[in-house]
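For reference, my_file_0.csv (CSV, C-alpha atoms):
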chain,number,residue,atom,x,y,z
A,17,MET,CA,79.8,38.6,-138.4
A,18,ILE,CA,81.5,39.3,-135.1
A,19,ASP,CA,79.1,40.2,-132.2
A,20,LYS,CA,79.4,43.6,-130.5
A,21,GLN,CA,80.8,42.1,-127.3
A,22,THR,CA,83.9,40.9,-129.2
A,23,TRP,CA,84.6,44.5,-130.2
A,24,GLU,CA,84.8,45.6,-126.5
A,25,LYS,CA,88.4,44.3,-126.5
A,26,ALA,CA,89.4,45.9,-129.8
A,27,ILE,CA,92.8,47.3,-130.4
A,28,PHE,CA,93.6,48.9,-133.7
A,29,PHE,CA,97.1,49.1,-135.1
A,30,ASP,CA,98.3,51.4,-137.8
A,31,MET,CA,100.7,49.7,-140.3
A,32,ASP,CA,103.1,52.3,-141.8
A,33,GLY,CA,105.7,53.3,-139.2
A,34,THR,CA,104.0,51.2,-136.5
A,35,LEU,CA,104.2,47.6,-137.8
A,36,ALA,CA,106.1,48.1,-141.0
A,37,GLU,CA,109.2,50.4,-141.4
A,38,TRP,CA,108.4,53.7,-143.1
A,39,SER,CA,110.9,55.9,-144.9
A,40,ASN,CA,110.2,59.4,-146.0
A,41,THR,CA,110.5,58.9,-149.7
A,42,HIS,CA,109.2,60.6,-152.8
A,43,ILE,CA,105.4,60.2,-153.4
A,44,ASP,CA,106.1,58.5,-156.8
A,45,GLU,CA,107.8,55.7,-155.0
A,46,VAL,CA,105.1,55.3,-152.4
A,47,MET,CA,102.5,55.1,-155.2
A,48,SER,CA,104.4,52.5,-157.2
A,49,ASP,CA,103.2,48.9,-157.5
A,50,GLY,CA,104.5,46.7,-154.7
A,51,TYR,CA,105.8,49.5,-152.5
A,52,PHE,CA,103.9,48.4,-149.4
A,53,LYS,CA,104.3,44.7,-150.0
A,54,TYR,CA,108.1,44.9,-149.4
A,55,ARG,CA,108.2,47.0,-146.2
A,56,LYS,CA,110.4,45.5,-143.5
A,57,PRO,CA,108.4,44.4,-140.4
A,58,ILE,CA,109.1,45.9,-137.0
A,59,MET,CA,109.4,42.5,-135.3
A,60,ASN,CA,109.0,43.8,-131.7
A,61,MET,CA,105.6,45.2,-132.6
A,62,ILE,CA,104.6,42.2,-134.7
A,63,GLU,CA,105.4,39.9,-131.7
A,64,ALA,CA,103.5,42.2,-129.4
A,65,VAL,CA,100.5,42.0,-131.7
A,66,LYS,CA,100.6,38.2,-131.6
A,67,LEU,CA,100.9,38.2,-127.8
A,68,LEU,CA,97.8,40.5,-127.6
A,69,ILE,CA,95.9,38.1,-129.8
A,70,LYS,CA,96.8,35.2,-127.5
A,71,LYS,CA,95.6,37.3,-124.5
A,72,GLY,CA,92.1,37.5,-126.1
A,73,PHE,CA,92.2,40.9,-127.7
A,74,GLN,CA,90.5,41.6,-131.0
A,75,VAL,CA,93.5,43.0,-132.9
A,76,CYS,CA,92.6,45.0,-136.1
A,77,ILE,CA,94.5,46.9,-138.7
A,78,THR,CA,93.5,50.4,-139.7
A,79,SER,CA,95.7,52.0,-142.4
A,80,LYS,CA,95.4,54.9,-144.8
A,81,VAL,CA,95.7,54.1,-148.5
A,82,ILE,CA,96.1,56.2,-151.6
A,83,SER,CA,93.2,55.6,-154.0
A,84,GLY,CA,94.2,54.4,-157.4
A,85,THR,CA,97.3,52.5,-156.2
A,86,THR,CA,98.0,48.9,-155.3
A,87,ALA,CA,98.2,49.9,-151.6
A,88,ILE,CA,95.3,47.7,-150.5
A,89,PRO,CA,96.4,44.4,-152.2
A,90,ASP,CA,100.0,45.2,-151.3
A,91,LYS,CA,99.2,45.8,-147.6
A,92,SER,CA,96.8,42.8,-147.5
A,93,GLU,CA,99.6,40.5,-148.9
A,94,TRP,CA,102.0,41.9,-146.4
A,95,LEU,CA,99.6,41.2,-143.5
A,96,SER,CA,98.7,37.7,-144.7
A,97,SER,CA,102.4,36.9,-144.8
A,98,ILE,CA,103.5,38.6,-141.6
A,99,ILE,CA,100.4,38.4,-139.3
A,100,PRO,CA,98.0,35.8,-140.8
A,101,GLU,CA,96.2,35.8,-137.5
A,102,ILE,CA,94.5,39.0,-138.5
A,103,GLY,CA,92.0,38.1,-141.1
A,104,SER,CA,90.7,40.3,-143.9
A,105,GLU,CA,87.5,41.1,-141.9
A,106,HIS,CA,89.7,42.9,-139.4
A,107,ARG,CA,91.7,45.0,-141.8
A,108,PHE,CA,90.3,48.5,-142.4
A,109,PHE,CA,91.9,50.5,-145.2
A,110,ILE,CA,90.8,54.1,-145.2
A,111,PRO,CA,91.3,56.4,-148.2
A,112,TYR,CA,93.6,59.3,-147.5
A,113,GLU,CA,91.0,61.7,-148.7
A,114,ASN,CA,88.7,60.5,-145.9
A,115,LYS,CA,89.6,62.8,-143.0
A,116,ASP,CA,87.5,61.0,-140.5
A,117,LYS,CA,90.0,59.0,-138.4
A,118,ASN,CA,87.1,57.1,-136.8
A,119,ALA,CA,85.7,55.8,-140.2
A,120,ILE,CA,86.1,52.2,-139.1
A,121,PRO,CA,83.0,50.1,-139.7
A,122,VAL,CA,82.7,48.4,-136.3
A,123,PRO,CA,79.3,47.8,-134.6
A,124,GLY,CA,78.4,50.9,-132.7
A,125,GLY,CA,81.4,52.9,-134.1
A,126,VAL,CA,84.7,53.7,-132.4
A,127,GLN,CA,84.1,53.7,-128.6
A,128,PRO,CA,86.0,55.6,-125.9
A,129,TYR,CA,87.8,52.4,-124.7
A,130,HIS,CA,89.0,51.4,-128.2
A,131,ILE,CA,92.7,51.7,-128.6
A,132,LEU,CA,94.6,53.0,-131.6
A,133,ILE,CA,98.4,52.3,-131.7
A,134,ASP,CA,99.9,54.7,-134.2
A,135,ASP,CA,103.2,56.4,-134.9
A,136,SER,CA,101.7,59.6,-136.2
A,137,THR,CA,100.1,62.3,-134.0
A,138,HIS,CA,98.7,64.4,-136.8
A,139,TYR,CA,97.7,61.8,-139.4
A,140,GLY,CA,96.6,59.1,-136.9
A,141,LEU,CA,96.0,59.8,-133.2
A,142,SER,CA,94.7,63.4,-133.3
A,143,GLY,CA,90.9,63.3,-133.5
A,144,TRP,CA,90.6,59.6,-132.5
A,145,ARG,CA,87.5,59.1,-130.3
A,146,GLY,CA,89.1,56.3,-128.3
A,147,VAL,CA,92.4,55.9,-126.5
A,148,GLY,CA,95.5,56.8,-128.4
A,149,ILE,CA,98.9,55.2,-127.8
A,150,LYS,CA,101.8,56.8,-129.8
A,151,VAL,CA,104.6,54.5,-131.0
A,152,ASP,CA,108.0,56.1,-130.8
A,153,ASN,CA,109.8,54.5,-133.8
A,154,GLY,CA,113.0,56.6,-133.7
A,155,ILE,CA,112.1,58.9,-136.6
A,156,ASN,CA,108.9,60.5,-135.2
A,157,ASN,CA,108.2,62.4,-132.0
A,158,SER,CA,110.9,65.0,-132.6
A,159,HIS,CA,108.6,67.9,-131.6
A,160,ARG,CA,107.2,66.1,-128.5
A,161,THR,CA,103.6,67.3,-129.3
A,162,TRP,CA,101.9,64.1,-128.2
A,163,LYS,CA,100.8,64.3,-124.5
A,164,GLY,CA,99.1,60.9,-124.1
A,165,TYR,CA,100.2,57.3,-123.7
A,166,MET,CA,103.4,56.2,-125.5
A,167,ILE,CA,105.4,53.1,-126.2
A,168,SER,CA,108.7,52.4,-127.9
A,169,ASN,CA,109.1,49.9,-130.7
A,170,GLN,CA,112.5,49.2,-129.2
A,171,SER,CA,111.0,47.7,-126.0
A,172,ASN,CA,110.7,43.9,-125.9
A,173,PRO,CA,107.4,42.4,-127.2
A,174,GLU,CA,106.2,41.3,-123.7
A,175,ILE,CA,106.7,44.8,-122.3
A,176,ILE,CA,104.9,46.4,-125.3
A,177,ALA,CA,101.9,43.9,-125.0
A,178,ASP,CA,101.7,44.2,-121.2
A,179,THR,CA,101.8,48.0,-121.4
A,180,ILE,CA,99.0,48.0,-124.0
A,181,GLU,CA,97.0,45.6,-121.9
A,182,ALA,CA,97.4,47.7,-118.8
A,183,ILE,CA,96.4,50.8,-120.6
A,184,TYR,CA,93.3,49.0,-122.0
A,185,ASN,CA,92.3,47.7,-118.6
A,186,ALA,CA,92.7,51.2,-117.0
A,187,GLU,CA,90.7,52.9,-119.7
A,188,TRP,CA,88.0,50.1,-119.6
A,189,GLU,CA,87.6,50.7,-115.8
A,190,LYS,CA,87.3,54.5,-116.4
A,191,TYR,CA,84.6,53.8,-119.0
A,192,LEU,CA,82.7,51.5,-116.7
A,193,GLU,CA,82.8,54.1,-113.9
A,194,LYS,CA,81.4,56.8,-116.1
A,195,LYS,CA,78.7,54.4,-117.4
A,196,ILE,CA,77.4,53.5,-113.9
With the file now loaded, output its structure as structure tokens.
Amino acid sequence: MIDKQTWEKAIFFDMDGTLAEWSNTHIDEVMSDGYFKYRKPIMNMIEAVKLLIKKGFQVCITSKVISGTTAIPDKSEWLSSIIPEIGSEHRFFIPYENKDKNAIPVPGGVQPYHILIDDSTHYGLSGWRGVGIKVDNGINNSHRTWKGYMISNQSNPEIIADTIEAIYNAEWEKYLEKKI
């Protein structure tokens, strides 16, 4: 069990469209065995994750899954292969039918300084209790509805990691000021 203090530096990453390429395809394909296991990794984001881990952040995965499919074992296999540094105890798979975007079982629940990195405004960032950072992946953000922090998966990994760290530090300071 990880102590509560470890969760103070938690950063949650969505998988689909953020760490792994997503293509708008027919639902039957998405529900097929092995679909998520063979998604192409977005290497700039993967390398940024590894840099954040080296900087001492508790990097976690939060990803929606369709119940009754092989999504959880497929995504777990993908993660073990691509980012083995993130162990199974830091992978949170939330069923699509669960509409609570904060349904991550961390001590004390999602906090105002917890960061979620996601490519989706509606299905990911909207309603998050913490700090949202939208990933512009080249196929989303066409309506420009997200008004918060944003990064591009086309940036180099150091810039992505440094930007996320700077956002975390700024938000942590705001949190501490409100707490005093």
Enumerate, as a PDB file with C-alpha atoms, in the coordinates of the input, the protein, DNA and RNA residues whose atoms approach (85.8, 51.0, -131.3) to within 10 Å, taking into account only C-alpha atoms and the coordinate frame of the file.
ATOM      1  CA  LYS A  20      79.400  43.600-130.500  1.00  0.00           C
ATOM      2  CA  TRP A  23      84.600  44.500-130.200  1.00  0.00           C
ATOM      3  CA  GLU A  24      84.800  45.600-126.500  1.00  0.00           C
ATOM      4  CA  LYS A  25      88.400  44.300-126.500  1.00  0.00           C
ATOM      5  CA  ALA A  26      89.400  45.900-129.800  1.00  0.00           C
ATOM      6  CA  ILE A  27      92.800  47.300-130.400  1.00  0.00           C
ATOM      7  CA  PHE A  28      93.600  48.900-133.700  1.00  0.00           C
ATOM      8  CA  ASN A 118      87.100  57.100-136.800  1.00  0.00           C
ATOM      9  CA  ILE A 120      86.100  52.200-139.100  1.00  0.00           C
ATOM     10  CA  PRO A 121      83.000  50.100-139.700  1.00  0.00           C
ATOM     11  CA  VAL A 122      82.700  48.400-136.300  1.00  0.00           C
ATOM     12  CA  PRO A 123      79.300  47.800-134.600  1.00  0.00           C
ATOM     13  CA  GLY A 124      78.400  50.900-132.700  1.00  0.00           C
ATOM     14  CA  GLY A 125      81.400  52.900-134.100  1.00  0.00           C
ATOM     15  CA  VAL A 126      84.700  53.700-132.400  1.00  0.00           C
ATOM     16  CA  GLN A 127      84.100  53.700-128.600  1.00  0.00           C
ATOM     17  CA  PRO A 128      86.000  55.600-125.900  1.00  0.00           C
ATOM     18  CA  TYR A 129      87.800  52.400-124.700  1.00  0.00           C
ATOM     19  CA  HIS A 130      89.000  51.400-128.200  1.00  0.00           C
ATOM     20  CA  ILE A 131      92.700  51.700-128.600  1.00  0.00           C
ATOM     21  CA  LEU A 132      94.600  53.000-131.600  1.00  0.00           C
ATOM     22  CA  TRP A 144      90.600  59.600-132.500  1.00  0.00           C
ATOM     23  CA  ARG A 145      87.500  59.100-130.300  1.00  0.00           C
ATOM     24  CA  GLY A 146      89.100  56.300-128.300  1.00  0.00           C
ATOM     25  CA  VAL A 147      92.400  55.900-126.500  1.00  0.00           C
TER      26      VAL A 147
END
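Taking atom CA of Ala182 of chain A as the reference point, atom CA of Asn153 of chain A is found at 20.6 Å.
With all atoms listed in the file as the basis for measurement, A:Ser142 is the residue among A:Ser97, A:Ser142, A:Ser104, A:Thr41 that approaches Thr161 of chain A most closely.
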Query raised in the report: Using all atoms listed in the file, which residues sit within 7 Å of segment 73-79 of chain A once same-chain residues fewer than 2 positions away are excluded, as number ranges by chain?
Result: A: 22-23, 25-31, 68-69, 71, 81, 102, 106-110
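Of the listed residues (A:Pro111, A:Gly33, A:Gly148, A:Gly164), A:Gly33 comes nearest to Phe52 of chain A; the distances count only C-alpha atoms.
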Requested in this report: Excluding Asp32 of chain A and any residue of its chain fewer than 2 positions from it, enumerate the residues within 9 Å of it, using only C-alpha atoms, and give them as a list in words.
Outcome: Asp30, Thr34, Leu35, Ala36, Glu37, Trp38, Phe52, Arg55, Ser79, Lys80, Asp134 and Asp135 of chain A
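Residue nearest Thr179 of chain A within the list A:Leu192, A:Ile99, A:Ala64, A:Lys56: A:Ala64 [criterion: smallest interatomic distance, only C-alpha atoms].
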Report task. Report the distance between atom CA of Tyr165 of chain A and atom CA of Lys150 of chain A in Å, rounded to one decimal place. Result -> 6.3 Å
